[in-house]
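Peer 1: Quick one: this structure, given as structure tokens, is what I'll be asking you about.
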Amino acid sequence: MHYYNFGDNYLTMKKLLLALLCLLTFTISSAQSNNDFAKIYIKRAKQAIETDIDFSLALVHLNKAMNRMDTITDRKIASLASLIYFENHHNQASVKEQLAFLKKSEGYSKQYFLLAKNKESEEYINNLESLILIQETLEELVSKEKKQEEERIRKEVELRKIDSLKTVWNNKSATLSVKVDSIYNFNKYNIALYTKNNNFGIINDKAEVILTADEYKAASNFEGFILLKNKIQEPTKIYCFNTKTNTGFLLPNPSDFNSLSTHYGKVMLPRGNGRLVMYPNNSYKPMVYDLNVKKMVKISNQQDLFKNLKKNDIIDKYKKDGKVKVNKEWYQFGGHLGGGIHPLYSEDNYQVHSFLCSVDGNVLKSSSDYQHIGAFYNNKFQAINGDNTMWINQNGTKVSAAKDEAKEYKGNSKVVKIDSGVYQITKDGVIILGNEKLVKMSIFLREFSAK
């Protein structure tokens, strides 16, 4: 048999009913409070419009009111909300934001028509006209948004095309670049020296490498000739390039000139007449070479020369073996540098002792004057005393420096440094390499983006 405790159950039911009553009272009170607040904000929204025509402030108050309301049950509030959102859509930064405001305005307008009963009233007609205006404006903005999106897509496609063209241009530009450390000035014949990895090479003003820089450590470029040497001092290999004829060749080995010579010794500047003077080791004569005809230069009849020198009291005596006596001293006769200057060597020394000037008999001693003298051209010799280079005339008097007539470049190619170790040559603003050309990127993009 079961027994029920009616007293306990009754108390439980009473507590539950009391709790529900409190909750209902709170809910009703809260709802009443929200409605009151909402009415105040709606009133402020109306005042903002009627007093200051400030639709932005009206929107702030409307949103506060809507936060207190579950839904709009008053047609006038719906109409007011529609008006406020419509007037504020103009102030939005983007078409997308304007559309969002217009759609809210349309939604509130439709809410009005759900609540309005009198379809003949002036208020109803005015709201109908407003809805038509909202929807027309929506159509215009949707069309505008569509055009903007089409324009955005068009620009995006155009940008992708431009990026693609830029890649094409950059790749082509890279193939027309010359990877070198430096490029010297072009000469009259459009030729220049360049360096790479401490080696010298030859390039023309069309960016074409004539001789790769992979062997020669020293170079000189003077009066139309370029000399490339495999060593800075005492070279054993010399390459000559004639910039006038655009041809190059190797000089004969020092041993071809003198069997005891192992290097060229001091190498003087090449001259405009093609003559080059070198001072090989273990030799009693300088090596004089004609770069134009590619032959060593020798005195055709040395005995006749000796006779004339003795006749003019330039030398005291001479012997058939090539020795001459000057100022009571015997010397090995070192041939002819041109312009009447002859090197003299001591019999027991391969170093030049002095230079005999046949024009007046003047003797230039290597100990006090010059250790090396170059070839004669345009009334001048290159002369070296220690680390100093100067220019002299036929009796050893110092004169102004020789002018390199092949130095002045007359073309319009320009060397442009792109990056460390990367150069390009441009002509009239166009990148060139041989017969290949590439216009500036801006012109390239303009020409090809239109296609």
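Naming scheme: A, B, ... for chains in displayed order of the structure tokens; residues 1 onward per chain; ligands 1 onward as shown.
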For Val209 (chain A), work out the shell of residues within 10 Å, counting only C-alpha atoms and skipping chain neighbours fewer than 4 positions away, then give it as a VMD selection string.

Peer 2: chain A and resid 178 191 to 194 201 to 205 213 433 to 434

Peer 1: Using only C-alpha atoms, which residues sit within 9 Å of Asn393 (chain A) once same-chain residues fewer than 6 positions away are excluded, as JSON, numbers by chain?

Peer 2: {"A": [339, 376, 379, 380, 381, 399]}

Peer 1: May I have the selected residues written with N, CA and C atoms, as a compact mmCIF listing (two decimals), in the first residue's frame?

Peer 2:
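Wrote it out as result19.txt, contents follow:
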# COMPACT_ATOMS: atom_id res chain seq x y z
N GLY A 339 112.17 57.77 -85.51
CA GLY A 339 112.44 59.15 -85.09
C GLY A 339 113.88 59.41 -84.73
N PHE A 376 107.93 55.81 -82.29
CA PHE A 376 107.81 57.20 -82.72
C PHE A 376 106.59 57.36 -83.63
N ASN A 379 105.58 62.83 -84.09
CA ASN A 379 106.66 63.62 -83.46
C ASN A 379 106.78 63.40 -81.96
N LYS A 380 106.28 62.26 -81.47
CA LYS A 380 106.34 62.02 -80.03
C LYS A 380 106.66 60.56 -79.73
N PHE A 381 107.37 60.38 -78.61
CA PHE A 381 107.64 59.06 -78.05
C PHE A 381 107.00 58.98 -76.65
N VAL A 399 107.47 66.89 -73.84
CA VAL A 399 106.46 67.63 -74.60
C VAL A 399 105.08 67.27 -74.04

Peer 1: Closest to Leu131 (chain A) among A:Ile238, A:Leu83, A:Leu99, A:Val168, using only C-alpha atoms?

Peer 2: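 Checking each candidate against Leu131 (chain A), we get A:Leu83 as the closest.
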
Peer 1: I want to know what sits within 7 Å of Met268 (chain A), based on only C-alpha atoms, with residues of the same chain fewer than 3 positions away left out; could you give that as a list of chain:residue names?

Peer 2: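 Selected residues are A:Leu276, A:Val277, A:Met278, A:Gly374.
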
Peer 1: Which residues come within 8 Å of region 358-363 of chain A, counting only C-alpha atoms, excluding same-chain residues fewer than 4 positions away, as JSON, numbers by chain?

Peer 2: {"A": [309, 313, 314, 315, 340, 341, 342, 354, 394, 395, 396]}

Peer 1: Where does DSSP see alpha helix (DSSP H) in region 72-278 of chain A, if you list the residues as an NGL selection string?

Peer 2: :A and (75-88 or 95-115 or 122-175 or 254-257)

Peer 1: CA of Lys310 (chain A) and CA of Ala375 (chain A), how far apart in Å?

Peer 2: 23.5 Å

Peer 1: Set the distance at 6 Å and use only C-alpha atoms: which residues neighbour region 66-70 of chain A once local chain neighbours fewer than 2 positions away are removed? I'd like the list as a CSV table (one decimal) with all heavy atoms, in the first residue's frame.

Peer 2:
chain,number,residue,atom,x,y,z
A,34,ASN,N,10.9,48.2,-22.5
A,34,ASN,CA,11.4,48.3,-23.9
A,34,ASN,C,10.6,49.1,-24.8
A,34,ASN,O,11.1,49.9,-25.6
A,34,ASN,CB,11.6,46.9,-24.5
A,34,ASN,CG,12.9,46.2,-23.9
A,34,ASN,OD1,13.8,46.9,-23.5
A,34,ASN,ND2,12.9,44.9,-23.9
A,38,ALA,N,11.7,52.4,-26.7
A,38,ALA,CA,11.6,52.5,-28.1
A,38,ALA,C,10.8,53.7,-28.6
A,38,ALA,O,11.2,54.4,-29.5
A,38,ALA,CB,10.9,51.2,-28.7
A,63,ASN,N,18.0,53.1,-34.8
A,63,ASN,CA,18.6,51.8,-34.5
A,63,ASN,C,18.5,51.5,-33.0
A,63,ASN,O,18.4,50.3,-32.7
A,63,ASN,CB,20.1,51.8,-34.9
A,63,ASN,CG,20.2,51.8,-36.5
A,63,ASN,OD1,19.4,51.2,-37.1
A,63,ASN,ND2,21.3,52.3,-37.0
A,64,LYS,N,18.6,52.5,-32.2
A,64,LYS,CA,18.4,52.2,-30.8
A,64,LYS,C,17.0,51.8,-30.5
A,64,LYS,O,16.8,50.9,-29.6
A,64,LYS,CB,18.8,53.5,-30.0
A,64,LYS,CG,20.2,53.8,-30.0
A,64,LYS,CD,20.5,55.1,-29.2
A,64,LYS,CE,22.0,55.4,-29.1
A,64,LYS,NZ,22.3,56.6,-28.4

Peer 1: Could you tell me how far CA of Phe257 (chain A) sits from CA of Pro280 (chain A), in Å to one decimal place?

Peer 2: 8.8 Å

Peer 1: Excluding region 123-129 of chain A and any residue of its chain fewer than 6 positions from it, enumerate the residues within 12 Å of it, using only C-alpha atoms, and give them as an MDAnalysis selection string.

Peer 2: chainID A and resid 75:76 78:83 105:106 108:117 135:136

Peer 1: Those residues you just picked out, can you put them in a file as a PDB file, in the first residue's frame with C-alpha atoms?

Peer 2:
ATOM      1  CA  ARG A  75       2.709  51.531 -39.948  1.00  0.00           C
ATOM      2  CA  LYS A  76       4.007  55.059 -39.224  1.00  0.00           C
ATOM      3  CA  ALA A  78       7.657  51.439 -40.654  1.00  0.00           C
ATOM      4  CA  SER A  79       7.233  54.434 -42.963  1.00  0.00           C
ATOM      5  CA  LEU A  80       9.634  56.514 -40.853  1.00  0.00           C
ATOM      6  CA  ALA A  81      12.266  53.732 -40.843  1.00  0.00           C
ATOM      7  CA  SER A  82      11.971  53.377 -44.623  1.00  0.00           C
ATOM      8  CA  LEU A  83      12.450  57.136 -45.090  1.00  0.00           C
ATOM      9  CA  SER A 105      14.418  50.885 -46.792  1.00  0.00           C
ATOM     10  CA  GLU A 106      12.440  48.636 -49.180  1.00  0.00           C
ATOM     11  CA  TYR A 108      10.471  48.718 -44.020  1.00  0.00           C
ATOM     12  CA  SER A 109       8.320  50.125 -46.838  1.00  0.00           C
ATOM     13  CA  LYS A 110       6.822  46.693 -47.505  1.00  0.00           C
ATOM     14  CA  GLN A 111       6.212  46.360 -43.755  1.00  0.00           C
ATOM     15  CA  TYR A 112       4.203  49.565 -43.968  1.00  0.00           C
ATOM     16  CA  PHE A 113       1.911  48.102 -46.622  1.00  0.00           C
ATOM     17  CA  LEU A 114       1.356  44.997 -44.494  1.00  0.00           C
ATOM     18  CA  LEU A 115       0.121  47.244 -41.685  1.00  0.00           C
ATOM     19  CA  ALA A 116      -1.716  49.908 -43.704  1.00  0.00           C
ATOM     20  CA  LYS A 117      -5.466  49.369 -44.147  1.00  0.00           C
ATOM     21  CA  GLN A 135      12.858  50.274 -56.212  1.00  0.00           C
ATOM     22  CA  GLU A 136      13.857  52.491 -59.155  1.00  0.00           C
TER      23      GLU A 136
END

Peer 1: For a quick check of understanding, using only C-alpha atoms, which of A:Tyr85, A:Phe222, A:Phe186, A:Phe448 has the smallest distance to Lys403 (chain A)?

Peer 2: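 Closest to Lys403 (chain A) of all the choices is A:Phe222.
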
Peer 1: Expressed in Å to a single decimal, how great is the separation between CA of Ser255 (chain A) and CA of Val324 (chain A)?

Peer 2: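 Answer for the CA of Ser255 (chain A) to CA of Val324 (chain A) separation: 25.2 Å.
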
Peer 1: DSSP on the backbone, then: every residue of region 174-307 of chain A marked strand (DSSP E), written as a count of residues only.

Peer 2: 54
